[in-house]
$ cat structure-v3.cif   # mmCIF, C-alpha atoms and all ligand atoms
data_start
#
loop_
_atom_site.label_atom_id
_atom_site.label_comp_id
_atom_site.auth_asym_id
_atom_site.auth_seq_id
_atom_site.Cartn_x
_atom_site.Cartn_y
_atom_site.Cartn_z
CA MET Y 1 -52.40 -27.06 82.70
CA ARG Y 2 -54.32 -25.70 85.65
CA GLN Y 3 -55.14 -22.68 83.56
CA TYR Y 4 -55.72 -24.25 80.13
CA GLY Y 5 -56.74 -27.84 80.85
CA LYS Y 6 -55.44 -30.82 78.85
CA ASP Y 7 -54.92 -29.12 75.52
CA TRP Y 8 -54.13 -25.69 74.20
CA ALA Y 9 -52.74 -24.27 70.99
CA GLU Y 10 -49.13 -23.81 72.07
CA LYS Y 11 -48.85 -26.85 74.29
CA PRO Y 12 -45.17 -27.90 74.05
CA LYS Y 13 -44.33 -31.28 72.55
CA ASP Y 14 -41.50 -32.17 74.87
CA MET Y 15 -40.35 -34.59 77.48
CA ILE Y 16 -41.29 -32.50 80.48
CA THR Y 17 -44.82 -32.01 79.18
CA TRP Y 18 -45.22 -35.77 78.70
CA LEU Y 19 -43.91 -36.37 82.21
CA ILE Y 20 -46.29 -33.82 83.72
CA GLU Y 21 -49.20 -35.36 81.83
CA ASP Y 22 -48.42 -38.90 82.94
CA ALA Y 23 -47.56 -38.26 86.57
CA GLN Y 24 -50.03 -39.62 89.11
CA GLY Y 25 -50.56 -38.79 92.77
CA GLU Y 26 -47.30 -38.39 94.65
CA GLU Y 27 -45.36 -38.28 91.37
CA ARG Y 28 -46.75 -34.82 90.74
CA THR Y 29 -43.84 -32.91 92.25
CA VAL Y 30 -41.13 -30.73 90.76
CA ARG Y 31 -38.50 -32.94 92.39
CA ASN Y 32 -39.96 -36.05 90.72
CA TRP Y 33 -40.01 -34.40 87.29
CA ALA Y 34 -36.49 -33.04 87.71
CA LEU Y 35 -35.15 -36.48 88.69
CA ARG Y 36 -36.84 -38.10 85.71
CA VAL Y 37 -35.43 -35.53 83.30
CA LEU Y 38 -31.95 -36.08 84.78
CA THR Y 39 -32.33 -39.86 84.47
CA VAL Y 40 -33.35 -39.57 80.84
CA ASN Y 41 -30.47 -37.17 80.17
CA PHE Y 42 -28.06 -39.63 81.74
CA ALA Y 43 -29.45 -42.57 79.76
CA ALA Y 44 -29.89 -40.83 76.42
CA ILE Y 45 -27.29 -38.17 75.76
CA HIS Y 46 -23.80 -39.60 76.18
CA THR Y 47 -24.91 -42.94 74.75
CA SER Y 48 -26.16 -41.45 71.47
CA SER Y 49 -23.32 -38.94 71.18
CA THR Y 50 -20.65 -41.56 71.93
CA SER Y 51 -22.15 -44.00 69.44
CA PHE Y 52 -22.37 -41.30 66.80
CA THR Y 53 -18.78 -40.17 67.41
CA HIS Y 54 -17.59 -43.75 66.90
CA ALA Y 55 -19.51 -43.83 63.61
CA LEU Y 56 -18.08 -40.49 62.53
CA LEU Y 57 -14.54 -41.77 63.17
CA HIS Y 58 -15.28 -44.90 61.14
CA LEU Y 59 -16.57 -42.73 58.29
CA ALA Y 60 -13.54 -40.44 58.44
CA ALA Y 61 -11.20 -43.45 58.54
CA ASN Y 62 -13.01 -45.01 55.54
CA PRO Y 63 -14.05 -42.09 53.32
CA HIS Y 64 -14.80 -44.46 50.43
CA TYR Y 65 -18.12 -45.12 52.17
CA ILE Y 66 -19.22 -41.50 51.73
CA ALA Y 67 -20.22 -41.86 48.06
CA PRO Y 68 -22.56 -44.87 48.41
CA LEU Y 69 -24.15 -43.43 51.55
CA ARG Y 70 -24.61 -40.05 49.90
CA GLU Y 71 -26.14 -41.66 46.84
CA GLU Y 72 -28.65 -43.58 48.92
CA VAL Y 73 -29.71 -40.55 50.96
CA GLU Y 74 -30.05 -38.26 47.94
CA GLU Y 75 -32.12 -40.72 45.98
CA ILE Y 76 -34.56 -41.11 48.86
CA ILE Y 77 -34.69 -37.41 49.78
CA LEU Y 78 -35.26 -36.38 46.18
CA LYS Y 79 -38.33 -38.61 46.01
CA GLU Y 80 -39.74 -38.23 49.49
CA GLY Y 81 -38.03 -35.43 51.38
CA TRP Y 82 -36.93 -35.77 55.00
CA SER Y 83 -39.33 -37.74 57.16
CA ARG Y 84 -39.37 -40.63 59.55
CA ALA Y 85 -40.59 -42.86 56.73
CA SER Y 86 -37.77 -41.78 54.42
CA LEU Y 87 -35.21 -42.39 57.19
CA GLN Y 88 -36.52 -45.92 57.50
CA LYS Y 89 -35.66 -46.53 53.87
CA MET Y 90 -32.00 -45.58 54.41
CA ARG Y 91 -30.71 -49.10 54.74
CA LYS Y 92 -27.06 -48.32 54.06
CA ILE Y 93 -27.06 -45.57 56.67
CA ASP Y 94 -28.69 -48.02 59.08
CA SER Y 95 -26.20 -50.78 58.37
CA PHE Y 96 -23.26 -48.38 58.68
CA LEU Y 97 -24.38 -47.28 62.15
CA LYS Y 98 -25.12 -50.83 63.19
CA GLU Y 99 -21.69 -52.01 62.09
CA SER Y 100 -20.17 -49.13 64.02
CA MET Y 101 -22.12 -50.12 67.15
CA ARG Y 102 -21.10 -53.73 66.66
CA TYR Y 103 -17.46 -52.74 66.30
CA ASN Y 104 -17.32 -50.19 69.12
CA GLY Y 105 -19.72 -50.22 72.00
CA LEU Y 106 -19.90 -48.00 75.06
CA GLY Y 107 -17.76 -50.63 76.72
CA CYS Y 108 -17.08 -54.35 76.66
CA LEU Y 109 -20.17 -55.26 78.71
CA SER Y 110 -23.88 -54.67 78.33
CA MET Y 111 -27.14 -55.53 80.07
CA SER Y 112 -25.94 -55.13 83.63
CA ARG Y 113 -28.22 -56.86 86.13
CA LYS Y 114 -28.05 -57.29 89.88
CA ALA Y 115 -29.64 -60.39 91.36
CA LEU Y 116 -32.17 -59.24 93.96
CA LYS Y 117 -32.84 -62.86 94.90
CA PRO Y 118 -30.97 -66.07 94.05
CA PHE Y 119 -31.48 -67.17 90.45
CA THR Y 120 -30.82 -70.65 89.06
CA PHE Y 121 -30.26 -71.20 85.34
CA SER Y 122 -31.52 -74.35 83.62
CA ASP Y 123 -27.97 -75.80 83.70
CA GLY Y 124 -27.85 -75.45 87.47
CA THR Y 125 -25.66 -72.32 87.61
CA VAL Y 126 -26.70 -70.26 90.63
CA ILE Y 127 -26.46 -66.46 90.76
CA PRO Y 128 -26.52 -65.53 94.46
CA THR Y 129 -28.30 -62.41 95.74
CA GLY Y 130 -26.30 -59.26 95.23
CA THR Y 131 -24.26 -60.61 92.31
CA TYR Y 132 -23.89 -58.53 89.17
CA VAL Y 133 -24.11 -60.21 85.78
CA PHE Y 134 -23.48 -58.75 82.34
CA ALA Y 135 -23.68 -59.75 78.71
CA PRO Y 136 -20.20 -59.93 77.12
CA GLN Y 137 -20.72 -57.30 74.43
CA THR Y 138 -17.29 -56.94 72.82
CA ALA Y 139 -16.53 -60.66 73.06
CA THR Y 140 -19.81 -61.49 71.30
CA HIS Y 141 -19.65 -58.70 68.73
CA HIS Y 142 -16.12 -59.75 67.76
CA ASP Y 143 -16.75 -63.48 67.69
CA GLY Y 144 -16.29 -65.04 64.24
CA GLU Y 145 -19.04 -67.51 65.01
CA TYR Y 146 -21.59 -64.70 64.83
CA TYR Y 147 -19.78 -62.23 62.60
CA PRO Y 148 -17.48 -63.52 59.84
CA ASP Y 149 -14.21 -61.56 59.73
CA PRO Y 150 -15.16 -59.78 62.95
CA GLU Y 151 -12.13 -57.47 62.96
CA VAL Y 152 -13.05 -56.04 59.55
CA PHE Y 153 -15.21 -52.91 59.62
CA ASP Y 154 -17.67 -53.90 56.92
CA ALA Y 155 -20.22 -51.08 56.77
CA PHE Y 156 -22.75 -52.92 54.65
CA ARG Y 157 -22.45 -56.22 56.51
CA PHE Y 158 -26.11 -56.07 57.50
CA LEU Y 159 -27.38 -55.71 53.94
CA LYS Y 160 -25.90 -58.99 52.80
CA GLY Y 161 -28.91 -61.21 53.25
CA GLY Y 162 -30.84 -58.86 50.95
CA GLU Y 163 -34.49 -58.12 51.67
CA ALA Y 164 -35.05 -61.69 52.83
CA ASN Y 165 -33.01 -60.78 55.86
CA GLY Y 166 -34.84 -57.44 55.89
CA PRO Y 167 -36.21 -55.91 59.06
CA LYS Y 168 -34.52 -58.46 61.31
CA GLN Y 169 -31.25 -56.75 60.47
CA TYR Y 170 -32.35 -53.21 61.27
CA LEU Y 171 -30.37 -51.39 63.89
CA VAL Y 172 -33.39 -51.04 66.20
CA ASN Y 173 -33.71 -54.82 66.47
CA THR Y 174 -31.90 -56.34 69.38
CA ALA Y 175 -30.67 -59.95 69.39
CA ASP Y 176 -28.59 -62.34 71.47
CA ASP Y 177 -25.62 -61.41 69.31
CA PHE Y 178 -26.34 -57.65 69.13
CA VAL Y 179 -26.68 -56.08 72.57
CA PRO Y 180 -25.81 -52.35 72.51
CA PHE Y 181 -29.45 -51.61 73.31
CA GLY Y 182 -29.77 -54.57 75.62
CA ASN Y 183 -32.15 -57.35 74.68
CA GLY Y 184 -35.42 -58.88 75.78
CA LYS Y 185 -38.11 -57.30 77.92
CA HIS Y 186 -36.01 -54.39 79.16
CA ALA Y 187 -34.27 -53.46 75.90
CA CYS Y 188 -33.68 -49.71 75.59
CA PRO Y 189 -37.08 -48.10 74.93
CA GLY Y 190 -35.35 -44.99 73.53
CA ARG Y 191 -33.61 -46.87 70.73
CA PHE Y 192 -36.14 -45.95 68.04
CA PHE Y 193 -35.63 -42.27 68.80
CA ALA Y 194 -31.85 -42.65 69.15
CA VAL Y 195 -31.59 -44.49 65.83
CA ASN Y 196 -33.61 -41.78 64.07
CA ILE Y 197 -31.35 -39.09 65.51
CA MET Y 198 -28.16 -40.89 64.50
CA LYS Y 199 -29.47 -41.70 61.02
CA THR Y 200 -30.50 -38.09 60.49
CA MET Y 201 -27.08 -36.86 61.57
CA LEU Y 202 -25.15 -39.34 59.45
CA ALA Y 203 -27.38 -38.61 56.43
CA HIS Y 204 -26.78 -34.91 56.96
CA VAL Y 205 -23.02 -35.32 57.29
CA VAL Y 206 -22.61 -37.41 54.13
CA THR Y 207 -24.81 -35.14 52.01
CA THR Y 208 -23.14 -31.95 53.24
CA TYR Y 209 -19.46 -32.67 53.84
CA ASP Y 210 -16.42 -34.59 52.81
CA VAL Y 211 -14.70 -35.88 55.93
CA LYS Y 212 -11.36 -37.46 56.68
CA LEU Y 213 -9.05 -38.01 59.61
CA GLU Y 214 -6.09 -35.82 60.37
CA LYS Y 215 -3.85 -38.84 59.80
CA GLU Y 216 -5.65 -40.36 56.84
CA GLY Y 217 -7.07 -43.81 57.39
CA GLU Y 218 -5.66 -44.15 60.91
CA ARG Y 219 -8.50 -44.41 63.37
CA PRO Y 220 -7.07 -43.28 66.70
CA PRO Y 221 -7.39 -45.84 69.50
CA ASP Y 222 -10.39 -45.70 71.82
CA ARG Y 223 -10.09 -44.67 75.41
CA TRP Y 224 -10.78 -47.43 77.94
CA ILE Y 225 -11.66 -46.89 81.57
CA GLY Y 226 -12.26 -50.26 83.22
CA PRO Y 227 -15.02 -51.91 81.20
CA ALA Y 228 -16.14 -48.58 79.67
CA SER Y 229 -14.80 -47.15 76.44
CA ALA Y 230 -15.14 -43.90 74.53
CA PRO Y 231 -13.85 -42.54 71.25
CA ASN Y 232 -10.41 -40.97 71.38
CA GLY Y 233 -10.95 -37.47 72.77
CA SER Y 234 -8.05 -35.90 70.89
CA ALA Y 235 -8.96 -37.35 67.48
CA LYS Y 236 -9.56 -34.66 64.86
CA VAL Y 237 -12.02 -35.10 62.02
CA LEU Y 238 -11.56 -32.71 59.11
CA PHE Y 239 -14.72 -31.42 57.42
CA ARG Y 240 -15.00 -29.54 54.18
CA LYS Y 241 -18.01 -28.62 52.14
CA ARG Y 242 -18.54 -31.48 49.70
CA GLN Y 243 -16.80 -31.07 46.36
CA VAL Y 244 -19.09 -33.22 44.20
C1 LIG Y 301 -5.64 -41.01 71.11
O1 LIG Y 301 -4.96 -41.19 69.93
C2 LIG Y 301 -3.60 -40.82 69.97
C3 LIG Y 301 -3.01 -41.07 68.59
O2 LIG Y 301 -3.76 -40.45 67.61
C4 LIG Y 301 -2.85 -41.61 71.02
O3 LIG Y 301 -1.53 -41.12 71.12
C5 LIG Y 301 -3.54 -41.48 72.36
O4 LIG Y 301 -2.95 -42.34 73.29
C6 LIG Y 301 -5.01 -41.84 72.21
N1 LIG Y 301 -5.70 -41.59 73.46
C7 LIG Y 301 -6.14 -42.58 74.22
C8 LIG Y 301 -6.80 -42.14 75.49
O5 LIG Y 301 -6.04 -43.74 73.92
#
$ encode --input "structure-v3.cif" --output "structure tokens"
Amino acid sequence: MRQYGKDWAEKPKDMITWLIEDAQGEERTVRNWALRVLTVNFAAIHTSSTSFTHALLHLAANPHYIAPLREEVEEIILKEGWSRASLQKMRKIDSFLKESMRYNGLGCLSMSRKALKPFTFSDGTVIPTGTYVFAPQTATHHDGEYYPDPEVFDAFRFLKGGEANGPKQYLVNTADDFVPFGNGKHACPGRFFAVNIMKTMLAHVVTTYDVKLEKEGERPPDRWIGPASAPNGSAKVLFRKRQV
């Protein structure tokens, strides 16, 4: 940048370039940029890969979903090719991933907050300084009051209201009863990117492969560590080039 100024032909389009461009004053240090890259890595990588692995296991456990997903993707790609706009039209892919994130989170809690000063709710409940509070993710996502038949993995659950329910149901939209990306003012700002990545990968998998589990239909149990969970690390998903 010192040499070329703000813009030049091969200027990279990547995170570190954006960080260098935005840094002001004392932020303009290698240490600052390195810490920010590490923070983003920590926030973005295992979350997307864990969520996608859960979805892949759901797909492999329920291979009957491959055909409708494949059909949707192919119809859209044939007309419009691969683009952000065409990804947005993949409603079944979106609903599948959303149902997977409803069913399996990164743990049973979300939206961790630490009270930096006492906070009083409208009902009088006081959260003293230093207390941690969380949103009960699994309990909410598996509550029949919000999700009928909550223990059923119903991949197209979020398409049921039809277009009337439209954008409200998209995976990127957070809600009181859908908190994998948090909710409110500090909802995950990377979710639009993460959703595009996961949709691209799922669309690629269903249009390229047939998948199933080693033990057909038996989704191996998740691994729990305290409130955190991850897909079963020894689960095997079998891939073969698609036959139809
Ligand atoms: C992973 O799944 C296998 C069965 O497929 C099970 O024996 C094992 O306990 C699971 N691992 C964890 C950490 O739950």
$ closest_residue --input "structure-v3.cif" --among "Y:Arg113, Y:His142, Y:Arg242, Y:Arg219" --to "ligand LIG 301 (chain Y)" --atoms "only C-alpha atoms and all ligand atoms"
Y:Arg219
$ residues_around --input "structure-v3.cif" --residues "Arg240 in chain Y" --least-positions-apart "4" --cutoff "7 Å" --atoms "all atoms listed in the file" --output "ChimeraX atom specification"
/Y:209-211
$ closest_residue --input "structure-v3.cif" --among "Y:Pro189, Y:Pro136, Y:Asp7, Y:Glu26" --to "Val40 in chain Y" --atoms "all atoms listed in the file"
Y:Pro189
$ atom_distance --input "structure-v3.cif" --atom1 "CA of Glu71 in chain Y" --atom2 "CA of Gly162 in chain Y"
18.3 Å
$ residues_near_ligand --input "structure-v3.cif" --ligand "ligand LIG 301 (chain Y)" --cutoff "12 Å" --atoms "all atoms listed in the file" --output "mmCIF file with C-alpha atoms, in the coordinates of the input"
data_model
loop_
_atom_site.group_PDB
_atom_site.id
_atom_site.type_symbol
_atom_site.label_atom_id
_atom_site.label_comp_id
_atom_site.auth_asym_id
_atom_site.auth_seq_id
_atom_site.Cartn_x
_atom_site.Cartn_y
_atom_site.Cartn_z
ATOM 1 C CA LEU Y 57 -14.540 -41.770 63.170
ATOM 2 C CA LEU Y 213 -9.050 -38.010 59.610
ATOM 3 C CA GLU Y 214 -6.090 -35.820 60.370
ATOM 4 C CA LYS Y 215 -3.850 -38.840 59.800
ATOM 5 C CA GLU Y 216 -5.650 -40.360 56.840
ATOM 6 C CA GLY Y 217 -7.070 -43.810 57.390
ATOM 7 C CA GLU Y 218 -5.660 -44.150 60.910
ATOM 8 C CA ARG Y 219 -8.500 -44.410 63.370
ATOM 9 C CA PRO Y 220 -7.070 -43.280 66.700
ATOM 10 C CA PRO Y 221 -7.390 -45.840 69.500
ATOM 11 C CA ASP Y 222 -10.390 -45.700 71.820
ATOM 12 C CA ARG Y 223 -10.090 -44.670 75.410
ATOM 13 C CA TRP Y 224 -10.780 -47.430 77.940
ATOM 14 C CA ILE Y 225 -11.660 -46.890 81.570
ATOM 15 C CA SER Y 229 -14.800 -47.150 76.440
ATOM 16 C CA ALA Y 230 -15.140 -43.900 74.530
ATOM 17 C CA PRO Y 231 -13.850 -42.540 71.250
ATOM 18 C CA ASN Y 232 -10.410 -40.970 71.380
ATOM 19 C CA GLY Y 233 -10.950 -37.470 72.770
ATOM 20 C CA SER Y 234 -8.050 -35.900 70.890
ATOM 21 C CA ALA Y 235 -8.960 -37.350 67.480
ATOM 22 C CA LYS Y 236 -9.560 -34.660 64.860
ATOM 23 C CA VAL Y 237 -12.020 -35.100 62.020
#
$ atom_distance --input "structure-v3.cif" --atom1 "CA of Gly124 in chain Y" --atom2 "CA of Val179 in chain Y"
24.5 Å
$ atom_distance --input "structure-v3.cif" --atom1 "CA of Gly81 in chain Y" --atom2 "CA of His204 in chain Y"
12.6 Å
